[in-house]
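What follows is the content of final.tsv, which has TSV, C-alpha atoms:
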chain	number	residue	atom	x	y	z
A	1	MET	CA	76.87	86.40	82.72
A	2	SER	CA	79.45	84.58	80.62
A	3	SER	CA	83.10	85.54	80.60
A	4	LYS	CA	86.59	84.12	80.88
A	5	PHE	CA	87.03	86.52	83.81
A	6	LEU	CA	84.30	85.01	86.00
A	7	GLY	CA	85.41	83.49	89.27
A	8	THR	CA	88.82	83.66	90.91
A	9	GLY	CA	91.75	85.37	89.25
A	10	VAL	CA	94.97	85.56	91.23
A	11	ALA	CA	97.48	88.42	91.25
A	12	LEU	CA	100.63	86.33	91.01
A	13	VAL	CA	103.73	87.16	93.02
A	14	THR	CA	107.11	87.42	91.34
A	15	PRO	CA	109.35	85.10	93.40
A	16	PHE	CA	112.93	86.21	94.00
A	17	LYS	CA	116.01	84.29	95.06
A	18	THR	CA	118.16	85.62	97.89
A	19	ASP	CA	120.32	87.46	95.32
A	20	LEU	CA	117.11	89.26	94.15
A	21	SER	CA	117.07	87.54	90.75
A	22	ILE	CA	113.74	86.09	89.64
A	23	ASP	CA	113.12	82.49	90.69
A	24	HIS	CA	111.50	81.17	87.52
A	25	ASP	CA	111.24	77.60	88.82
A	26	ALA	CA	109.26	78.77	91.85
A	27	LEU	CA	107.06	80.91	89.61
A	28	ALA	CA	106.23	77.95	87.36
A	29	ASN	CA	105.44	75.85	90.44
A	30	ILE	CA	103.06	78.51	91.77
A	31	VAL	CA	101.30	78.63	88.39
A	32	ASN	CA	100.84	74.87	88.36
A	33	PHE	CA	99.74	74.86	92.01
A	34	ASN	CA	96.98	77.33	91.15
A	35	ILE	CA	95.85	75.60	87.99
A	36	GLU	CA	95.67	72.24	89.74
A	37	ASN	CA	93.64	73.66	92.63
A	38	GLY	CA	90.85	75.55	90.88
A	39	THR	CA	92.01	79.08	90.05
A	40	ASP	CA	90.11	80.45	87.02
A	41	TYR	CA	92.63	82.91	85.53
A	42	LEU	CA	96.08	84.36	86.18
A	43	VAL	CA	97.09	88.01	86.52
A	44	ILE	CA	100.73	88.80	85.71
A	45	CYS	CA	102.87	91.74	86.86
A	46	GLY	CA	100.35	93.61	88.93
A	47	THR	CA	101.10	95.29	92.25
A	48	THR	CA	101.50	91.91	93.95
A	49	GLY	CA	104.00	90.94	91.24
A	50	GLU	CA	106.18	93.93	92.28
A	51	SER	CA	105.79	95.39	88.82
A	52	VAL	CA	107.35	98.71	89.81
A	53	THR	CA	110.71	97.12	90.69
A	54	ILE	CA	111.16	94.71	87.79
A	55	THR	CA	112.76	95.73	84.50
A	56	LYS	CA	111.15	95.48	81.07
A	57	GLU	CA	113.40	92.52	80.28
A	58	GLU	CA	112.44	90.78	83.52
A	59	LYS	CA	108.77	91.43	82.80
A	60	ARG	CA	109.08	89.72	79.42
A	61	ALA	CA	110.83	86.78	81.10
A	62	VAL	CA	108.09	86.52	83.73
A	63	VAL	CA	105.39	86.53	81.04
A	64	ASN	CA	107.30	83.83	79.15
A	65	THR	CA	107.65	81.59	82.23
A	66	ILE	CA	103.99	81.92	83.16
A	67	SER	CA	102.82	81.39	79.58
A	68	LYS	CA	104.93	78.23	79.25
A	69	ALA	CA	103.78	76.83	82.58
A	70	ASN	CA	100.16	77.68	81.83
A	71	ASN	CA	100.34	76.14	78.35
A	72	GLY	CA	96.99	77.61	77.34
A	73	ARG	CA	95.08	76.15	80.28
A	74	LEU	CA	93.83	79.39	81.87
A	75	PRO	CA	93.19	82.93	80.58
A	76	LEU	CA	96.05	85.36	81.19
A	77	VAL	CA	95.82	89.03	82.19
A	78	LEU	CA	98.89	91.26	81.99
A	79	GLY	CA	99.42	94.40	84.02
A	80	ILE	CA	100.22	97.38	81.80
A	81	GLY	CA	99.52	100.72	83.43
A	82	GLY	CA	101.03	103.86	84.86
A	83	ASN	CA	100.74	107.60	85.20
A	84	ASN	CA	102.37	108.47	81.89
A	85	THR	CA	99.69	107.82	79.28
A	86	ALA	CA	102.09	107.94	76.34
A	87	SER	CA	104.43	105.43	77.99
A	88	VAL	CA	101.57	103.04	78.72
A	89	ILE	CA	100.49	103.17	75.08
A	90	GLU	CA	104.09	102.69	73.97
A	91	GLU	CA	104.38	99.57	76.16
A	92	ILE	CA	101.10	98.18	74.82
A	93	LYS	CA	102.32	98.62	71.25
A	94	ALA	CA	105.71	97.07	72.06
A	95	THR	CA	104.28	94.02	73.85
A	96	ASP	CA	103.35	90.76	72.17
A	97	LEU	CA	99.78	90.33	73.40
A	98	SER	CA	98.98	87.30	71.23
A	99	GLY	CA	98.71	84.98	74.24
A	100	ILE	CA	97.19	87.57	76.57
A	101	ASP	CA	93.43	87.71	77.08
A	102	ALA	CA	93.31	91.19	78.63
A	103	ILE	CA	95.47	93.86	80.15
A	104	LEU	CA	94.93	95.15	83.66
A	105	SER	CA	95.56	98.89	83.67
A	106	VAL	CA	95.84	100.75	86.94
A	107	SER	CA	94.42	104.22	87.36
A	108	PRO	CA	97.20	106.85	87.17
A	109	TYR	CA	98.99	107.26	90.47
A	110	TYR	CA	100.78	110.27	92.02
A	111	SER	CA	99.61	112.74	89.35
A	112	LYS	CA	96.07	112.88	90.84
A	113	PRO	CA	94.21	113.78	87.62
A	114	THR	CA	90.62	114.98	87.57
A	115	GLN	CA	87.83	112.56	86.63
A	116	GLU	CA	88.01	113.95	83.09
A	117	GLY	CA	91.76	113.27	83.11
A	118	LEU	CA	91.11	109.68	84.18
A	119	TYR	CA	88.56	109.29	81.39
A	120	GLN	CA	90.90	110.71	78.75
A	121	HIS	CA	93.78	108.50	79.97
A	122	PHE	CA	91.75	105.31	79.58
A	123	LYS	CA	90.13	106.55	76.36
A	124	ALA	CA	93.60	106.86	74.81
A	125	ILE	CA	94.55	103.40	76.07
A	126	ALA	CA	91.32	101.83	74.81
A	127	GLU	CA	91.85	103.30	71.35
A	128	ALA	CA	95.42	101.95	71.23
A	129	CYS	CA	94.92	98.53	72.80
A	130	PRO	CA	94.21	95.51	70.54
A	131	THR	CA	92.86	93.37	73.38
A	132	ASP	CA	90.37	93.61	76.24
A	133	ILE	CA	91.03	95.96	79.14
A	134	ILE	CA	90.26	95.56	82.83
A	135	LEU	CA	90.37	98.92	84.61
A	136	TYR	CA	92.01	98.90	88.03
A	137	ASN	CA	90.84	101.39	90.65
A	138	VAL	CA	92.92	101.29	93.84
A	139	PRO	CA	92.75	104.73	95.48
A	140	GLY	CA	94.74	103.59	98.51
A	141	ARG	CA	97.76	103.32	96.19
A	142	THR	CA	96.99	105.98	93.58
A	143	SER	CA	95.68	108.71	95.92
A	144	LYS	CA	92.76	109.30	93.54
A	145	ASN	CA	89.45	107.44	93.43
A	146	MET	CA	87.98	106.73	90.02
A	147	GLU	CA	84.38	107.57	90.70
A	148	VAL	CA	81.45	105.40	89.64
A	149	GLU	CA	80.36	107.82	86.93
A	150	THR	CA	83.82	107.75	85.30
A	151	THR	CA	84.05	103.95	85.34
A	152	LEU	CA	80.58	103.57	83.87
A	153	ARG	CA	81.23	106.22	81.24
A	154	LEU	CA	84.27	104.24	80.09
A	155	ALA	CA	82.31	100.97	80.22
A	156	ASN	CA	79.59	102.41	78.01
A	157	ASP	CA	81.91	104.16	75.55
A	158	PHE	CA	84.48	101.43	74.78
A	159	LYS	CA	83.69	97.82	73.89
A	160	ASN	CA	87.17	96.59	74.80
A	161	ILE	CA	86.85	97.95	78.36
A	162	VAL	CA	85.18	94.84	79.73
A	163	ALA	CA	85.61	95.04	83.51
A	164	VAL	CA	86.89	96.96	86.50
A	165	LYS	CA	88.97	95.57	89.32
A	166	GLU	CA	87.55	97.73	92.08
A	167	ALA	CA	89.80	97.92	95.14
A	168	GLY	CA	88.62	100.93	97.07
A	169	ASN	CA	87.37	98.83	99.99
A	170	ASN	CA	84.17	100.85	99.62
A	171	VAL	CA	80.96	98.81	99.81
A	172	ALA	CA	78.77	101.71	98.70
A	173	GLN	CA	80.87	102.21	95.56
A	174	TYR	CA	80.68	98.50	94.72
A	175	LEU	CA	76.91	98.59	95.03
A	176	GLN	CA	76.58	101.69	92.85
A	177	LEU	CA	78.70	100.00	90.17
A	178	LEU	CA	76.65	96.81	90.35
A	179	LYS	CA	73.37	98.71	90.26
A	180	ASN	CA	74.23	100.84	87.22
A	181	LYS	CA	76.70	98.87	85.11
A	182	PRO	CA	76.02	97.80	81.52
A	183	ASP	CA	74.87	94.18	81.22
A	184	ASN	CA	78.15	92.71	79.94
A	185	PHE	CA	80.50	94.80	82.08
A	186	LEU	CA	82.11	92.93	84.97
A	187	ILE	CA	82.63	94.22	88.49
A	188	ILE	CA	85.59	92.31	89.92
A	189	SER	CA	86.53	92.65	93.56
A	190	GLY	CA	90.10	93.69	94.28
A	191	ASP	CA	89.50	93.43	98.03
A	192	ASP	CA	89.92	89.91	99.37
A	193	ASP	CA	87.95	90.71	102.51
A	194	LEU	CA	84.94	91.99	100.55
A	195	ALA	CA	85.07	89.57	97.62
A	196	LEU	CA	82.31	87.21	98.73
A	197	GLY	CA	79.87	90.01	99.53
A	198	VAL	CA	80.56	91.57	96.12
A	199	VAL	CA	79.95	88.25	94.36
A	200	LEU	CA	76.70	87.65	96.23
A	201	ALA	CA	75.55	91.14	95.23
A	202	GLY	CA	76.14	90.38	91.54
A	203	GLY	CA	79.88	90.77	91.05
A	204	ALA	CA	81.82	88.59	88.63
A	205	GLY	CA	84.42	87.39	91.12
A	206	VAL	CA	87.76	88.56	92.41
A	207	ILE	CA	91.37	89.20	91.50
A	208	SER	CA	92.83	87.91	94.72
A	209	VAL	CA	96.13	87.99	96.57
A	210	ILE	CA	95.42	85.29	99.18
A	211	GLY	CA	93.68	83.09	96.62
A	212	GLN	CA	97.00	82.03	95.09
A	213	ALA	CA	98.12	80.47	98.40
A	214	PHE	CA	94.80	78.75	99.18
A	215	PRO	CA	93.38	78.33	95.68
A	216	LYS	CA	91.17	75.32	96.38
A	217	ALA	CA	89.35	76.90	99.31
A	218	PHE	CA	89.20	80.43	97.93
A	219	SER	CA	88.02	79.51	94.44
A	220	ASN	CA	85.44	77.15	95.92
A	221	MET	CA	84.15	80.00	98.10
A	222	VAL	CA	83.77	82.25	95.06
A	223	ARG	CA	82.04	79.52	93.03
A	224	LEU	CA	79.56	78.94	95.84
A	225	GLY	CA	78.98	82.70	95.96
A	226	LEU	CA	78.33	82.86	92.22
A	227	LYS	CA	75.71	80.13	92.70
A	228	GLY	CA	74.11	82.08	95.53
A	229	GLU	CA	75.01	79.50	98.17
A	230	ALA	CA	75.80	82.11	100.78
A	231	LYS	CA	75.87	79.94	103.90
A	232	ALA	CA	78.37	77.44	102.51
A	233	ALA	CA	80.46	80.22	100.97
A	234	TYR	CA	80.63	82.20	104.21
A	235	ALA	CA	81.76	79.09	106.09
A	236	ILE	CA	84.90	79.17	103.94
A	237	HIS	CA	85.18	82.96	104.19
A	238	PHE	CA	85.26	82.76	107.97
A	239	LYS	CA	88.02	80.13	107.87
A	240	LEU	CA	90.18	82.41	105.69
A	241	MET	CA	89.43	85.71	107.43
A	242	ASP	CA	92.42	85.72	109.77
A	243	VAL	CA	95.04	85.04	107.08
A	244	VAL	CA	93.53	87.69	104.79
A	245	GLY	CA	94.09	90.18	107.59
A	246	HIS	CA	97.61	88.88	108.21
A	247	ILE	CA	98.91	89.27	104.66
A	248	PHE	CA	97.97	92.96	104.48
A	249	GLU	CA	99.13	93.78	108.00
A	250	GLU	CA	102.55	95.13	106.94
A	251	ASN	CA	102.75	95.35	103.16
A	252	ASN	CA	101.78	93.49	100.03
A	253	PRO	CA	103.39	91.27	98.73
A	254	ALA	CA	105.64	90.66	101.77
A	255	GLY	CA	102.69	89.06	103.55
A	256	ILE	CA	101.71	86.66	100.78
A	257	LYS	CA	105.37	85.77	100.19
A	258	ALA	CA	105.65	84.87	103.87
A	259	VAL	CA	102.70	82.51	103.34
A	260	PHE	CA	104.40	80.98	100.31
A	261	GLU	CA	107.63	80.55	102.26
A	262	ALA	CA	105.71	78.70	104.98
A	263	LEU	CA	104.16	76.51	102.25
A	264	ASN	CA	107.63	75.88	100.72
A	265	LEU	CA	106.60	77.40	97.38
A	266	CYS	CA	109.02	80.34	97.26
A	267	GLN	CA	111.29	82.46	99.43
A	268	ASP	CA	109.98	85.55	101.17
A	269	THR	CA	112.44	87.86	99.38
A	270	VAL	CA	111.11	91.23	98.18
A	271	ARG	CA	112.88	94.16	96.55
A	272	LEU	CA	113.41	97.50	98.25
A	273	PRO	CA	111.71	99.67	99.25
A	274	LEU	CA	109.69	96.69	100.49
A	275	VAL	CA	111.12	94.50	103.25
A	276	PRO	CA	110.18	90.95	104.26
A	277	ALA	CA	107.47	90.28	106.80
A	278	SER	CA	108.49	90.61	110.44
A	279	ASN	CA	109.11	87.52	112.55
A	280	SER	CA	105.97	88.22	114.57
A	281	LEU	CA	103.86	88.27	111.42
A	282	LYS	CA	105.53	85.09	110.15
A	283	GLU	CA	104.63	83.40	113.43
A	284	LYS	CA	100.96	84.36	113.00
A	285	ILE	CA	100.99	83.03	109.43
A	286	ALA	CA	102.69	79.77	110.44
A	287	SER	CA	100.17	79.29	113.22
A	288	PHE	CA	97.27	79.83	110.81
A	289	ILE	CA	98.67	77.36	108.26
A	290	LYS	CA	99.19	74.73	110.96
A	291	THR	CA	95.52	74.84	111.97
A	292	PHE	CA	93.88	75.53	108.58
A	293	LYS	CA	91.73	72.69	107.30
Can you dump the structure from the file as structure tokens?
Amino acid sequence: MSSKFLGTGVALVTPFKTDLSIDHDALANIVNFNIENGTDYLVICGTTGESVTITKEEKRAVVNTISKANNGRLPLVLGIGGNNTASVIEEIKATDLSGIDAILSVSPYYSKPTQEGLYQHFKAIAEACPTDIILYNVPGRTSKNMEVETTLRLANDFKNIVAVKEAGNNVAQYLQLLKNKPDNFLIISGDDDLALGVVLAGGAGVISVIGQAFPKAFSNMVRLGLKGEAKAAYAIHFKLMDVVGHIFEENNPAGIKAVFEALNLCQDTVRLPLVPASNSLKEKIASFIKTFK
């Protein structure tokens, strides 16, 4: 298996100042922190980047900041998705994708299409998109699971659909995908808690939330998993288990931003309807960071 999307990708946060404007200095620092500590690729403006509450102009500015900080060092994946197929295609056509290695396109939310509707949505995107596509199945947010048969149908029918970020927290679905996928199609975990098990079963890696705060440990865990060194990999997994639970306890990305605040990498500010992590959660996170080795 050879791909620029092997290993640990991180779903970058979009840091905000207290006035809710984007903190581009903090964003560049987070990019450098990840590159210097072993992250394999960067994912821009996904759910964790609060993509639904940033404007088109802000999104372009975020891409520009990350691209400049990255300076060609790691592959870049850009979130472009939604539940209006025509609007997604319009955004793809209007976006300069010259420095982008793939788009990450979420399964349509709210509309709850049939499996045929999901197929036709991604078919239209694949035919319009000039770069590679990573499908993103996250039924907990979209209210509709993209079933194994639909994902594999898309994988077999379109060469530029190269992977799926599977985030259904469903072990059986992961295993069905791994068992039946085409040879060059990548199954990427979107569940931090299941990532190592998916990798050991044949997955390509993870697009992680927690990985961006502990990139050295998390990316090392995934690399060990890709080499089949389960015992050493699980030793790291067990050390990170508590904080993975903490960051999803209230909402994402409030949890990961609380971690970054404790690490002095950015403020914990989020945009409504999200609210910052509670003081009790911040105390748990601070306690974990103090003892993490």
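The nearest approach to A:Ile66 among the residues A:Thr142, A:Gln120, A:Thr131, A:Asn34, with all atoms listed in the file taken into account, belongs to A:Asn34.
Counting all atoms listed in the file and comparing A:Pro75, A:Pro253, A:Gly9, A:Pro113, the residue that lies closest to A:Thr269 is A:Pro253.
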What's the 9 Å shell around A:Lys93, counting only C-alpha atoms, without same-chain residues fewer than 6 positions away, as an mmCIF file with C-alpha atoms, keeping the file's coordinate frame?
data_model
loop_
_atom_site.group_PDB
_atom_site.id
_atom_site.type_symbol
_atom_site.label_atom_id
_atom_site.label_comp_id
_atom_site.auth_asym_id
_atom_site.auth_seq_id
_atom_site.Cartn_x
_atom_site.Cartn_y
_atom_site.Cartn_z
ATOM 1 C CA ALA A 128 95.420 101.950 71.230
ATOM 2 C CA CYS A 129 94.920 98.530 72.800
ATOM 3 C CA PRO A 130 94.210 95.510 70.540
#
Leaving out A:Arg60 and any residue of its chain fewer than 3 positions from it, which residues lie within 12 Å of it when counting all atoms listed in the file, given as number ranges by chain?
-> A: 22, 44-45, 51, 54-57, 63-67, 78-80, 91, 94-97
Axis-aligned box over every listed atom of stretch 179-197 of chain A, padded by 3 Å per side: centre and edges in Å to one decimal, as lines of an AutoDock Vina configuration file?
center_x = 81.7
center_y = 94.0
center_z = 91.2
size_x = 22.7
size_y = 19.6
size_z = 28.6
Please measure the separation of atom CA of A:Asp242 and atom CA of A:Ile285, giving the value in Å to one decimal.
-> 9.0 Å
For A:Val275, list every protein, DNA or RNA residue within 12 Å, evaluated using only C-alpha atoms, and leave out those in the same chain fewer than 5 positions away; present the list as a short mmCIF file (atom, residue, chain, number, x, y, z; two decimals) with C-alpha atoms, keeping the file's coordinate frame.
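The resulting file, part_2.cif, is shown below:
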data_model
loop_
_atom_site.label_atom_id
_atom_site.label_comp_id
_atom_site.auth_asym_id
_atom_site.auth_seq_id
_atom_site.Cartn_x
_atom_site.Cartn_y
_atom_site.Cartn_z
CA GLU A 250 102.55 95.13 106.94
CA ASN A 251 102.75 95.35 103.16
CA ASN A 252 101.78 93.49 100.03
CA PRO A 253 103.39 91.27 98.73
CA ALA A 254 105.64 90.66 101.77
CA GLY A 255 102.69 89.06 103.55
CA LYS A 257 105.37 85.77 100.19
CA ALA A 258 105.65 84.87 103.87
CA ASP A 268 109.98 85.55 101.17
CA THR A 269 112.44 87.86 99.38
CA VAL A 270 111.11 91.23 98.18
#
Residues within 9 Å of stretch 263-266 of chain A, only C-alpha atoms, excluding chain neighbours under 4 positions, as a PyMOL selection string | chain A and resi 15-17+23+26-27+29-30+213+257-259+286+289
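The residue that comes closest to A:Val199, out of A:Pro215, A:Gly140, A:Pro182, A:Gly7 and on the basis of only C-alpha atoms, is A:Gly7.
Computed from the coordinates, the atom CA of A:Tyr174 to atom CA of A:Leu196 distance equals 12.1 Å.
Counting from atom CA of A:Gly82, the distance to atom CA of A:Leu104 is 10.7 Å.
For the point (90.0, 77.1, 97.6) in file coordinates, the residues within 9 Å, using all atoms listed in the file, are Asn37, Gly38, Thr39, Gly211, Gln212, Ala213, Phe214, Pro215, Lys216, Ala217, Phe218, Ser219, Asn220, Met221, Val222 and Ile236 of chain A.
Near A:His121, within a cut-off of 10 Å and counting all atoms listed in the file, sit the residues Gly82, Asn83, Asn84, Thr85, Ala86, Val88, Ile89, Ser107, Pro108, Pro113, Gln115, Glu116, Gly117, Leu118, Tyr119, Lys123, Ala124, Ile125 and Ala126 of chain A, with same-chain residues fewer than 2 positions away left out.
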Produce a file of the selected residues containing C-alpha atoms, as a tab-separated table (two decimals), in the frame of the given file.
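Written output follows (result.tsv):
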chain	number	residue	atom	x	y	z
A	82	GLY	CA	101.03	103.86	84.86
A	83	ASN	CA	100.74	107.60	85.20
A	84	ASN	CA	102.37	108.47	81.89
A	85	THR	CA	99.69	107.82	79.28
A	86	ALA	CA	102.09	107.94	76.34
A	88	VAL	CA	101.57	103.04	78.72
A	89	ILE	CA	100.49	103.17	75.08
A	107	SER	CA	94.42	104.22	87.36
A	108	PRO	CA	97.20	106.85	87.17
A	113	PRO	CA	94.21	113.78	87.62
A	115	GLN	CA	87.83	112.56	86.63
A	116	GLU	CA	88.01	113.95	83.09
A	117	GLY	CA	91.76	113.27	83.11
A	118	LEU	CA	91.11	109.68	84.18
A	119	TYR	CA	88.56	109.29	81.39
A	123	LYS	CA	90.13	106.55	76.36
A	124	ALA	CA	93.60	106.86	74.81
A	125	ILE	CA	94.55	103.40	76.07
A	126	ALA	CA	91.32	101.83	74.81
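Using all atoms listed in the file, the smallest distance between any of A:Pro276, A:Ile247, A:Thr151, A:Phe288 and A:Thr18 comes from A:Pro276.
Distances from A:Phe5, A:Tyr136, A:Phe33, A:Phe248 to A:Glu166 were compared using all atoms listed in the file, and the smallest one belongs to A:Tyr136.
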Using only C-alpha atoms, find the one residue out of A:Lys239, A:Glu90, A:His246, A:Ala262 that sits nearest to A:Leu281.
-> A:His246
